[in-house]
file input-v6.txt (compact mmCIF, C-alpha atoms and all ligand atoms)
# COMPACT_ATOMS: atom_id res chain seq x y z
CA MET K 203 31.75 -52.37 -14.81
CA THR K 204 31.51 -55.58 -16.76
CA LEU K 205 29.02 -58.31 -17.30
CA ARG K 206 31.59 -61.08 -17.52
CA THR K 207 31.08 -62.77 -14.17
CA LEU K 208 27.33 -62.67 -14.23
CA SER K 209 27.14 -63.63 -17.89
CA ALA K 210 29.20 -66.70 -17.06
CA LEU K 211 26.88 -67.48 -14.17
CA ALA K 212 23.86 -66.94 -16.38
CA LEU K 213 25.20 -69.36 -18.99
CA ALA K 214 25.79 -71.92 -16.27
CA CYS K 215 22.14 -71.58 -15.25
CA LEU K 216 20.55 -72.02 -18.68
CA SER K 217 18.81 -75.17 -17.47
CA SER K 218 16.71 -72.77 -15.45
CA PRO K 219 15.56 -70.00 -17.80
CA LEU K 220 13.98 -67.95 -15.00
CA ALA K 221 17.16 -68.04 -12.96
CA ALA K 222 19.16 -67.07 -16.02
CA GLN K 223 16.79 -64.16 -16.66
CA GLY K 224 17.21 -63.00 -13.07
CA LEU K 225 20.97 -63.08 -13.33
CA SER K 226 20.94 -61.18 -16.58
CA ASP K 227 18.74 -58.46 -15.10
CA ALA K 228 20.97 -58.32 -12.04
CA ALA K 229 24.03 -57.96 -14.24
CA GLN K 230 22.41 -55.05 -16.07
CA VAL K 231 21.47 -53.34 -12.83
CA HIS K 232 24.92 -53.89 -11.36
CA GLU K 233 26.42 -52.50 -14.54
CA SER K 234 24.30 -49.38 -14.47
CA ILE K 235 24.61 -48.30 -10.83
CA LEU K 236 27.46 -46.56 -9.01
CA THR K 237 29.16 -48.94 -6.59
CA LEU K 238 31.41 -48.01 -3.66
CA ASP K 239 32.87 -50.05 -0.84
CA THR K 240 33.67 -47.88 2.18
CA HIS K 241 36.60 -49.87 3.55
CA LEU K 242 39.27 -51.00 1.11
CA ASP K 243 42.39 -51.95 3.07
CA SER K 244 44.16 -52.66 -0.21
CA PRO K 245 46.82 -49.91 0.21
CA ALA K 246 48.44 -52.27 2.74
CA ASN K 247 49.37 -54.43 -0.27
CA PHE K 248 51.46 -51.63 -1.77
CA ASP K 249 54.30 -52.72 0.52
CA GLN K 250 54.50 -56.16 -1.12
CA PRO K 251 57.49 -56.17 -3.48
CA GLY K 252 56.38 -56.48 -7.08
CA TRP K 253 52.66 -56.18 -6.28
CA THR K 254 50.83 -53.62 -8.39
CA ILE K 255 47.18 -52.63 -8.47
CA THR K 256 46.99 -52.98 -12.26
CA ASP K 257 48.04 -56.65 -12.37
CA ARG K 258 45.50 -59.38 -11.85
CA HIS K 259 46.01 -61.36 -8.66
CA ASP K 260 44.07 -64.17 -7.02
CA VAL K 261 43.07 -64.56 -3.39
CA LEU K 262 44.18 -68.20 -3.63
CA HIS K 263 47.71 -67.19 -4.65
CA ASP K 264 48.54 -64.21 -2.46
CA THR K 265 45.42 -63.56 -0.27
CA THR K 266 44.81 -60.17 -1.93
CA GLN K 267 41.21 -59.38 -2.85
CA VAL K 268 41.21 -56.13 -4.82
CA ASP K 269 43.03 -54.93 -7.93
CA LEU K 270 42.00 -53.08 -11.08
CA PRO K 271 41.22 -56.16 -13.24
CA ARG K 272 39.08 -57.69 -10.48
CA MET K 273 37.37 -54.33 -9.83
CA ILE K 274 36.48 -54.18 -13.51
CA GLU K 275 35.25 -57.78 -13.51
CA GLY K 276 33.24 -57.25 -10.31
CA GLY K 277 31.92 -53.86 -11.33
CA LEU K 278 33.27 -51.95 -8.34
CA ASP K 279 33.55 -48.27 -9.23
CA GLY K 280 35.71 -47.43 -6.25
CA GLY K 281 35.57 -46.69 -2.59
CA PHE K 282 37.38 -45.39 0.43
CA TRP K 283 41.02 -46.48 0.35
CA VAL K 284 42.36 -46.81 3.84
CA ILE K 285 45.37 -45.42 5.64
CA TYR K 286 45.50 -48.07 8.35
CA THR K 287 47.89 -47.81 11.29
CA ASP K 288 48.46 -50.46 13.94
CA GLN K 289 47.95 -49.22 17.45
CA GLY K 290 51.34 -48.87 19.18
CA PRO K 291 52.57 -47.28 22.41
CA ASN K 292 50.76 -44.06 23.16
CA ASP K 293 53.88 -41.99 23.68
CA ALA K 294 55.76 -39.42 21.60
CA ARG K 295 57.99 -42.00 19.93
CA GLY K 296 55.07 -44.32 19.10
CA GLN K 297 53.01 -41.46 17.70
CA ALA K 298 55.92 -40.20 15.59
CA ALA K 299 56.42 -43.66 14.09
CA ALA K 300 52.68 -43.89 13.43
CA LEU K 301 52.68 -40.51 11.70
CA ALA K 302 55.58 -41.55 9.46
CA HIS K 303 53.72 -44.73 8.56
CA ALA K 304 50.46 -42.90 7.81
CA LEU K 305 52.25 -40.35 5.62
CA LYS K 306 53.93 -43.15 3.70
CA ARG K 307 50.55 -44.81 3.07
CA LEU K 308 48.99 -41.49 2.06
CA HIS K 309 51.80 -41.00 -0.48
CA GLN K 310 51.34 -44.54 -1.80
CA ILE K 311 47.65 -43.83 -2.41
CA HIS K 312 48.44 -40.61 -4.26
CA ASP K 313 51.19 -42.40 -6.19
CA PHE K 314 48.99 -45.24 -7.46
CA VAL K 315 46.39 -42.76 -8.66
CA ALA K 316 49.04 -40.58 -10.33
CA ALA K 317 50.63 -43.62 -11.98
CA ASN K 318 47.30 -44.73 -13.50
CA PRO K 319 45.46 -41.54 -14.46
CA GLN K 320 43.43 -43.33 -17.11
CA SER K 321 42.06 -45.81 -14.54
CA PHE K 322 41.79 -44.00 -11.21
CA ALA K 323 41.01 -40.52 -9.92
CA LEU K 324 41.19 -38.97 -6.48
CA ALA K 325 37.78 -37.86 -5.19
CA THR K 326 37.37 -35.23 -2.50
CA SER K 327 33.66 -34.40 -2.61
CA ALA K 328 30.40 -36.29 -2.90
CA ALA K 329 29.85 -34.78 -6.34
CA ASP K 330 33.17 -36.14 -7.64
CA ALA K 331 32.03 -39.78 -7.67
CA ALA K 332 29.56 -39.57 -10.56
CA GLN K 333 31.89 -37.36 -12.60
CA ILE K 334 34.79 -39.78 -12.23
CA VAL K 335 32.67 -42.75 -13.27
CA ALA K 336 31.29 -40.79 -16.24
CA GLY K 337 34.90 -40.33 -17.31
CA GLY K 338 35.48 -44.08 -17.23
CA ARG K 339 37.69 -44.11 -14.15
CA ARG K 340 37.56 -45.63 -10.66
CA ILE K 341 36.96 -43.54 -7.55
CA VAL K 342 39.58 -43.10 -4.86
CA TYR K 343 38.40 -41.48 -1.65
CA ILE K 344 40.95 -41.54 1.16
CA SER K 345 40.05 -42.63 4.68
CA MET K 346 42.00 -43.17 7.89
CA GLU K 347 41.53 -46.19 10.16
CA ASN K 348 42.94 -45.19 13.53
CA SER K 349 43.76 -41.51 14.11
CA TYR K 350 46.59 -42.44 16.47
CA PRO K 351 49.10 -41.00 13.92
CA LEU K 352 47.69 -37.50 14.55
CA GLY K 353 49.33 -37.58 17.97
CA ASN K 354 48.18 -34.99 20.47
CA ASP K 355 47.80 -32.19 17.93
CA ILE K 356 44.35 -32.05 16.36
CA ALA K 357 45.70 -29.56 13.79
CA ASN K 358 47.27 -32.57 12.06
CA LEU K 359 43.77 -33.58 10.93
CA GLU K 360 43.66 -30.48 8.74
CA ALA K 361 47.01 -31.41 7.17
CA PHE K 362 45.58 -34.78 6.14
CA TYR K 363 42.35 -33.10 4.96
CA GLN K 364 44.40 -30.82 2.70
CA LEU K 365 46.02 -33.96 1.27
CA GLY K 366 42.66 -35.55 0.47
CA LEU K 367 41.41 -37.25 3.64
CA ARG K 368 37.59 -37.34 3.73
CA MET K 369 36.72 -40.07 6.28
CA ALA K 370 38.42 -40.96 9.57
CA GLY K 371 37.89 -43.18 12.59
CA PRO K 372 39.46 -42.27 15.90
CA VAL K 373 40.61 -45.69 16.99
CA HIS K 374 41.38 -49.30 15.97
CA ASN K 375 42.11 -52.35 18.13
CA GLY K 376 43.36 -50.77 21.34
CA THR K 377 42.36 -47.62 23.16
CA ASN K 378 44.43 -44.58 22.18
CA GLN K 379 44.72 -40.88 23.02
CA LEU K 380 41.35 -40.13 21.39
CA ALA K 381 38.90 -42.89 22.27
CA ASP K 382 38.17 -46.20 23.92
CA SER K 383 38.20 -49.10 21.45
CA THR K 384 35.91 -52.11 21.15
CA ASN K 385 39.04 -54.20 21.72
CA GLY K 386 40.76 -52.07 24.34
CA GLU K 387 40.61 -50.86 27.91
CA ALA K 388 37.90 -48.42 28.95
CA VAL K 389 40.30 -45.58 29.79
CA HIS K 390 38.31 -42.48 28.88
CA GLY K 391 34.74 -43.70 29.37
CA GLY K 392 34.28 -43.09 25.62
CA LEU K 393 36.09 -40.15 24.02
CA SER K 394 38.95 -38.29 25.70
CA ASP K 395 38.86 -34.47 25.68
CA LEU K 396 41.19 -34.69 22.68
CA GLY K 397 38.75 -37.12 21.04
CA LYS K 398 35.89 -34.66 21.55
CA ALA K 399 38.01 -31.92 19.92
CA TRP K 400 38.74 -34.39 17.07
CA VAL K 401 34.97 -34.78 16.46
CA LYS K 402 34.49 -31.02 16.28
CA GLU K 403 37.49 -30.60 13.98
CA ALA K 404 36.24 -33.36 11.64
CA ASN K 405 32.88 -31.54 11.47
CA ARG K 406 34.58 -28.20 10.82
CA LEU K 407 36.76 -29.58 8.04
CA GLY K 408 34.16 -31.80 6.37
CA ILE K 409 35.55 -35.24 7.21
CA ILE K 410 33.06 -38.12 7.63
CA ILE K 411 33.34 -39.58 11.15
CA ASP K 412 33.71 -43.36 11.08
CA ALA K 413 32.75 -45.12 14.31
CA SER K 414 33.82 -48.66 13.34
CA HIS K 415 36.21 -50.03 16.01
CA ALA K 416 35.05 -47.41 18.54
CA ALA K 417 33.72 -48.75 21.86
CA ASP K 418 29.97 -48.43 22.36
CA SER K 419 30.62 -45.53 24.77
CA SER K 420 32.77 -43.78 22.13
CA PHE K 421 30.11 -44.44 19.47
CA ASP K 422 27.42 -42.92 21.69
CA GLN K 423 29.46 -39.79 22.33
CA MET K 424 30.46 -39.32 18.68
CA LEU K 425 26.83 -39.65 17.65
CA GLU K 426 25.81 -37.14 20.32
CA LEU K 427 28.58 -34.60 19.63
CA SER K 428 28.75 -34.68 15.85
CA ALA K 429 26.85 -31.93 14.04
CA ALA K 430 26.74 -34.17 10.95
CA PRO K 431 25.60 -37.79 10.42
CA ILE K 432 28.28 -40.39 11.14
CA ILE K 433 29.07 -43.72 9.52
CA LEU K 434 30.15 -47.22 10.42
CA SER K 435 32.46 -47.97 7.48
CA HIS K 436 32.72 -51.70 8.26
CA SER K 437 30.63 -53.00 11.15
CA GLY K 438 27.95 -55.61 11.70
CA PRO K 439 24.74 -56.16 13.64
CA LYS K 440 25.09 -57.74 17.08
CA ALA K 441 21.72 -59.40 16.47
CA LEU K 442 23.52 -61.91 14.23
CA HIS K 443 26.55 -62.51 16.39
CA ASP K 444 27.33 -61.07 19.82
CA HIS K 445 30.82 -59.69 19.17
CA PRO K 446 32.31 -56.41 20.46
CA ARG K 447 32.85 -55.19 16.86
CA ASN K 448 29.12 -55.46 16.15
CA LEU K 449 26.43 -53.00 17.28
CA ASP K 450 23.13 -53.67 18.97
CA ASP K 451 19.89 -52.75 17.24
CA ALA K 452 19.20 -49.76 19.52
CA ARG K 453 22.53 -48.16 18.57
CA LEU K 454 21.94 -48.86 14.88
CA GLU K 455 18.53 -47.21 15.16
CA ALA K 456 20.11 -44.19 16.87
CA LEU K 457 22.68 -43.98 14.06
CA ALA K 458 19.95 -44.01 11.43
CA ALA K 459 17.82 -41.50 13.36
CA LYS K 460 20.66 -38.99 12.94
CA GLY K 461 20.96 -39.76 9.23
CA GLY K 462 23.91 -42.15 9.45
CA VAL K 463 24.68 -45.39 7.66
CA ILE K 464 26.01 -48.83 8.61
CA GLN K 465 28.19 -50.29 5.86
CA VAL K 466 27.91 -54.00 6.53
CA ASN K 467 31.13 -55.86 7.32
CA SER K 468 31.76 -59.48 6.34
CA LEU K 469 33.74 -60.20 9.53
CA PHE K 470 32.38 -61.28 12.93
CA LEU K 471 29.07 -62.67 11.65
CA SER K 472 29.57 -66.08 13.27
CA PRO K 473 31.97 -67.58 15.82
CA ASP K 474 35.62 -68.03 14.91
CA ARG K 475 36.86 -71.53 14.13
CA PRO K 476 40.18 -73.17 14.98
CA ARG K 477 42.75 -72.73 12.18
CA PRO K 478 45.68 -75.06 12.90
CA SER K 479 47.29 -74.86 9.44
CA VAL K 480 47.01 -71.07 9.37
CA ASP K 481 48.42 -70.78 12.90
CA ALA K 482 51.32 -73.08 12.05
CA LEU K 483 52.39 -70.72 9.28
CA ARG K 484 52.19 -67.53 11.35
CA PRO K 485 55.82 -67.60 12.63
CA LYS K 486 57.10 -67.90 9.04
CA MET K 487 54.79 -65.11 7.89
CA GLU K 488 56.28 -62.84 10.58
CA VAL K 489 59.64 -62.95 8.77
CA ILE K 490 58.41 -63.13 5.18
CA ASP K 491 59.98 -59.75 4.37
CA SER K 492 63.44 -61.21 5.00
CA LEU K 493 63.02 -64.05 2.49
CA PRO K 494 64.29 -64.11 -1.11
CA GLN K 495 61.61 -63.43 -3.73
CA GLY K 496 61.14 -67.09 -4.76
CA GLU K 497 60.62 -68.32 -1.18
CA ARG K 498 58.40 -65.37 -0.45
CA THR K 499 56.09 -66.19 -3.37
CA GLN K 500 55.99 -69.85 -2.34
CA LEU K 501 55.18 -69.04 1.27
CA MET K 502 52.53 -66.52 0.23
CA LYS K 503 50.81 -69.19 -1.84
CA GLN K 504 50.93 -71.68 1.05
CA TRP K 505 49.49 -68.99 3.31
CA ALA K 506 46.72 -68.14 0.83
CA GLN K 507 45.74 -71.79 0.43
CA ALA K 508 45.75 -72.42 4.18
CA ASN K 509 43.51 -69.39 4.66
CA ALA K 510 41.14 -70.66 1.97
CA ALA K 511 41.09 -74.19 3.40
CA GLU K 512 40.48 -72.95 6.94
CA PRO K 513 38.23 -69.87 6.79
CA ARG K 514 38.23 -67.70 9.90
CA SER K 515 34.61 -68.69 10.54
CA GLY K 516 31.76 -70.59 8.94
CA THR K 517 30.33 -67.36 7.53
CA ASP K 518 29.26 -67.77 3.94
CA PHE K 519 27.65 -65.48 1.37
CA ASP K 520 24.11 -66.23 2.62
CA ARG K 521 25.11 -65.30 6.16
CA TYR K 522 26.61 -62.04 4.89
CA MET K 523 23.36 -61.23 3.11
CA GLN K 524 21.42 -62.09 6.28
CA ALA K 525 23.39 -59.34 8.02
CA VAL K 526 22.62 -56.89 5.20
CA PHE K 527 18.92 -57.84 5.23
CA HIS K 528 18.74 -57.54 9.01
CA CYS K 529 20.02 -53.97 8.77
CA ILE K 530 17.62 -53.14 5.92
CA ASP K 531 14.64 -54.60 7.82
CA LEU K 532 15.62 -52.67 10.95
CA LEU K 533 16.64 -49.32 9.45
CA GLY K 534 15.20 -49.11 5.95
CA VAL K 535 17.12 -48.86 2.69
CA ASP K 536 18.42 -45.35 3.40
CA HIS K 537 20.77 -46.36 6.20
CA VAL K 538 22.62 -49.45 4.96
CA GLY K 539 25.62 -49.89 2.70
CA ILE K 540 28.52 -52.19 1.88
CA GLY K 541 31.93 -52.19 3.61
CA ALA K 542 33.15 -55.76 3.57
CA ASP K 543 36.72 -55.09 4.86
CA TRP K 544 38.43 -56.23 1.67
CA ASP K 545 42.15 -56.83 2.13
CA GLY K 546 41.64 -56.20 5.85
CA GLY K 547 40.50 -59.66 6.89
CA GLY K 548 37.11 -59.60 5.18
CA GLY K 549 35.66 -61.98 2.65
CA VAL K 550 33.58 -65.07 3.37
CA ILE K 551 32.91 -68.43 1.79
CA GLY K 552 31.45 -67.64 -1.64
CA LEU K 553 32.30 -63.91 -1.51
CA ASN K 554 36.05 -63.81 -1.23
CA GLN K 555 37.36 -61.29 -3.72
CA ILE K 556 36.03 -58.13 -5.27
CA SER K 557 35.10 -59.88 -8.53
CA ASP K 558 32.38 -61.72 -6.55
CA ILE K 559 30.32 -58.64 -5.62
CA PRO K 560 27.70 -58.80 -8.42
CA LYS K 561 26.20 -61.56 -6.25
CA ILE K 562 25.29 -58.91 -3.68
CA THR K 563 23.27 -56.94 -6.23
CA GLN K 564 21.61 -60.13 -7.41
CA ALA K 565 20.62 -61.05 -3.82
CA LEU K 566 19.28 -57.54 -3.11
CA LEU K 567 17.12 -57.64 -6.25
CA ALA K 568 15.94 -61.16 -5.44
CA ARG K 569 14.85 -59.82 -2.04
CA GLY K 570 12.56 -57.40 -3.90
CA LEU K 571 14.55 -54.17 -3.72
CA SER K 572 14.22 -51.82 -6.68
CA PRO K 573 17.32 -50.94 -8.71
CA ALA K 574 17.14 -47.42 -7.23
CA ASP K 575 17.22 -48.84 -3.71
CA VAL K 576 20.08 -51.15 -4.63
CA GLU K 577 22.04 -48.11 -5.78
CA LYS K 578 21.35 -46.35 -2.47
CA ILE K 579 22.93 -49.31 -0.73
CA TRP K 580 25.91 -49.44 -3.08
CA SER K 581 26.70 -45.71 -3.00
CA GLY K 582 23.76 -43.33 -2.61
CA ASN K 583 23.59 -43.50 1.16
CA VAL K 584 27.26 -42.88 1.83
CA LEU K 585 27.32 -40.07 -0.73
CA ARG K 586 24.27 -38.52 0.95
CA VAL K 587 26.11 -38.61 4.30
CA MET K 588 29.17 -37.08 2.65
CA ALA K 589 27.11 -34.27 1.14
CA GLN K 590 25.58 -33.57 4.57
CA VAL K 591 29.05 -33.54 6.14
CA GLU K 592 30.11 -31.02 3.45
CA ARG K 593 27.08 -28.83 4.21
CA VAL K 594 27.81 -28.81 7.95
CA ALA K 595 31.44 -27.83 7.29
CA ALA K 596 30.33 -25.07 4.93
CA GLN K 597 27.85 -23.74 7.50
CA GLN K 598 30.52 -23.75 10.18
CA SER K 599 32.94 -21.81 7.99
CA GLY K 600 30.24 -19.50 6.74
CA ALA K 601 31.00 -20.44 3.14
CA PRO K 602 28.57 -22.01 0.67
CA ALA K 603 29.05 -25.73 0.09
CA GLY K 604 31.22 -26.33 -2.97
ZN ZN M 1 38.93 -52.59 10.61
call {"tool": "encode", "arguments": {"input": "input-v6.txt", "output": "structure tokens"}}
result
Amino acid sequence: MTLRTLSALALACLSSPLAAQGLSDAAQVHESILTLDTHLDSPANFDQPGWTITDRHDVLHDTTQVDLPRMIEGGLDGGFWVIYTDQGPNDARGQAAALAHALKRLHQIHDFVAANPQSFALATSAADAAQIVAGGRRIVYISMENSYPLGNDIANLEAFYQLGLRMAGPVHNGTNQLADSTNGEAVHGGLSDLGKAWVKEANRLGIIIDASHAADSSFDQMLELSAAPIILSHSGPKALHDHPRNLDDARLEALAAKGGVIQVNSLFLSPDRPRPSVDALRPKMEVIDSLPQGERTQLMKQWAQANAAEPRSGTDFDRYMQAVFHCIDLLGVDHVGIGADWDGGGGVIGLNQISDIPKITQALLARGLSPADVEKIWSGNVLRVMAQVERVAAQQSGAPAG
């Protein structure tokens, strides 16, 4: 937590004393509250040679959006760090390759925490978050985007739970053995029988069910079947933009009615734009791993600048906040959070790396929310869901919640 960004902004606004006062208050609130983002795809960057979480990077140099120095500057206390797996062929060989990939990513997450014990700590319960922050460290919950790596054996979910997994979504882009996807064929009419068993096993273990990327039919069935509230770790409201990855108001209301939370995504909030310079570089980016270090760095910079010059859409910070406000107006402050898909394609004009997030707190306060409500949005709601998930698991095992 640091005041640097907002102090700089406040100084820049001294011509307007009231605005400066507002920024200063916002900086203090942002400093004092616990902040979590529920979808940090940053572990994907661990494969980049020479890239480390403790060095400062810039989105304009290498497209990355999260590292320790920028978390400190932006006042992000932590979040759910994602084991993401591309959807591949749904056969034994594809699932085995996916499992190997997921295990590698899981190890990389454990390794970065172990290598920086003064800065990061693994969290496995809702109660851990406040304790870790009190100790001056950043929070690392582990989540899984796409449960394809589990194959056809639901017992694998327990293996990942034992290794720290506390949130999981069944599916990504492309229907798999568990569920129909927003971007895939309707094969199962929602969840497969295996997907239904996956929901029950997640409840039994105490893993938060994440319905982002699940088809509407899969969402409906997860919500119906789950004994605990579920979450959308990075999704948006369809009311702003009619896209398959966004949910209609009736589904969001059903989510909230069962105690769940939508963590608002920064993607898919307005139509995509053509990106000729970005597209022209894609073939080179496909083979970047085969290039010598110097050429790789050069190409990465070209890629980062093309991405900045041609944003995926016209979505800017105000549009992002419109999505957040829509969800708050619809559901109340107890059912909305932040999951901007950092390092997974997220980021918008004016909110493009993690150091920018104090602006979100400032906008929430300017909207009239109390600091306590702002903290619910930044962490309280997801931690409440997690505590409920823990209670359901404890009830199912007959043990008291720990
Ligand atoms: Zn995603």
call {"tool": "residues_around", "arguments": {"input": "input-v6.txt", "residues": "Leu567 (chain K)", "least_positions_apart": "4", "cutoff": "10 Å", "atoms": "all atoms listed in the file", "output": "list in words"}}
result
Gly224, Leu225, Asp227, Ala228, Val231, Lys561, Ile562, Thr563, Leu571, Ser572, Pro573, Asp575 and Val576 of chain K
call {"tool": "residues_near_point", "arguments": {"input": "input-v6.txt", "point": "(25.5, -45.4, 7.8)", "cutoff": "12 Å", "atoms": "all atoms listed in the file", "output": "count of residues only"}}
result
53
call {"tool": "residues_near_ligand", "arguments": {"input": "input-v6.txt", "ligand": "ligand ZN 1 (chain M)", "cutoff": "8 Å", "atoms": "all atoms listed in the file", "output": "number ranges by chain"}}
result
K: 241, 347, 374, 414-415, 436, 543, 546
call {"tool": "residues_around", "arguments": {"input": "input-v6.txt", "residues": "region 312-318 of chain K", "least_positions_apart": "6", "cutoff": "8 Å", "atoms": "all atoms listed in the file", "output": "PDB file with C-alpha atoms, in the frame of the given file"}}
result
ATOM      1  CA  ILE K 255      47.180 -52.630  -8.470  1.00  0.00           C
ATOM      2  CA  LEU K 324      41.190 -38.970  -6.480  1.00  0.00           C
ATOM      3  CA  VAL K 342      39.580 -43.100  -4.860  1.00  0.00           C
TER       4      VAL K 342
END
call {"tool": "closest_residue", "arguments": {"input": "input-v6.txt", "among": "K:Asp451, K:Asp444, K:Glu577, K:Glu403", "to": "Ser599 (chain K)", "atoms": "all atoms listed in the file"}}
result
K:Glu403
call {"tool": "closest_residue", "arguments": {"input": "input-v6.txt", "among": "K:Gly338, K:Gly280, K:Gly548, K:Pro251", "to": "Ser468 (chain K)", "atoms": "only C-alpha atoms"}}
result
K:Gly548
call {"tool": "atom_distance", "arguments": {"input": "input-v6.txt", "atom1": "CA of Ala399 (chain K)", "atom2": "CA of Arg295 (chain K)"}}
result
22.4 Å
call {"tool": "residues_near_point", "arguments": {"input": "input-v6.txt", "point": "(42.4, -74.3, 5.5)", "cutoff": "12 Å", "atoms": "all atoms listed in the file", "output": "list in words"}}
result
Leu262, Arg475, Pro476, Arg477, Pro478, Ser479, Val480, Asp481, Ala482, Leu483, Gln504, Trp505, Ala506, Gln507, Ala508, Asn509, Ala510, Ala511, Glu512, Pro513, Arg514, Ser515, Gly516 and Ile551 of chain K
call {"tool": "atom_distance", "arguments": {"input": "input-v6.txt", "atom1": "CA of Ile274 (chain K)", "atom2": "CA of Leu566 (chain K)"}}
result
20.4 Å
call {"tool": "residues_around", "arguments": {"input": "input-v6.txt", "residues": "Arg340 (chain K)", "least_positions_apart": "4", "cutoff": "6 Å", "atoms": "all atoms listed in the file", "output": "MDAnalysis selection string"}}
result
chainID K and resid 279:280 321:322
call {"tool": "write_last_selection", "arguments": {"input": "input-v6.txt", "atoms": "C-alpha atoms", "output": "PDB file, in the frame of the given file"}}
result
ATOM      1  CA  ASP K 279      33.550 -48.270  -9.230  1.00  0.00           C
ATOM      2  CA  GLY K 280      35.710 -47.430  -6.250  1.00  0.00           C
ATOM      3  CA  SER K 321      42.060 -45.810 -14.540  1.00  0.00           C
ATOM      4  CA  PHE K 322      41.790 -44.000 -11.210  1.00  0.00           C
TER       5      PHE K 322
END
call {"tool": "closest_residue", "arguments": {"input": "input-v6.txt", "among": "K:Leu407, K:Tyr363, K:Trp544, K:Ala332", "to": "Pro245 (chain K)", "atoms": "all atoms listed in the file"}}
result
K:Trp544
call {"tool": "atom_distance", "arguments": {"input": "input-v6.txt", "atom1": "CA of Gln333 (chain K)", "atom2": "CA of Glu233 (chain K)"}}
result
16.2 Å
call {"tool": "closest_residue", "arguments": {"input": "input-v6.txt", "among": "K:Thr377, K:Ser394, K:Gln597, K:Gln555", "to": "Thr265 (chain K)", "atoms": "all atoms listed in the file"}}
result
K:Gln555
call {"tool": "closest_residue", "arguments": {"input": "input-v6.txt", "among": "K:Asn348, K:Gln598, K:Ser226, K:Gln423", "to": "Gly371 (chain K)", "atoms": "all atoms listed in the file"}}
result
K:Asn348
call {"tool": "residues_around", "arguments": {"input": "input-v6.txt", "residues": "Met523 (chain K)", "least_positions_apart": "4", "cutoff": "9 Å", "atoms": "only C-alpha atoms", "output": "list in words"}}
result
Asp518, Phe519, Phe527, His528, Ile562, Ala565 and Leu566 of chain K
call {"tool": "closest_residue", "arguments": {"input": "input-v6.txt", "among": "K:Ala441, K:Ala574, K:Ile559, K:Ala229", "to": "Gln524 (chain K)", "atoms": "all atoms listed in the file"}}
result
K:Ala441
call {"tool": "residues_around", "arguments": {"input": "input-v6.txt", "residues": "Ser349 (chain K)", "least_positions_apart": "4", "cutoff": "12 Å", "atoms": "all atoms listed in the file", "output": "MDAnalysis selection string"}}
result
chainID K and resid 284:290 292 297 300:301 303:304 345 353:356 358:359 362 367 369:381 383 396:397 400:401 404 411:413 415:416
call {"tool": "axis_aligned_box", "arguments": {"input": "input-v6.txt", "around": "region 322-328 of chain K", "padding_each_side": "4 Å", "output": "lines of an AutoDock Vina configuration file"}}
result
center_x = 36.1
center_y = -39.2
center_z = -6.9
size_x = 19.4
size_y = 17.6
size_z = 16.7
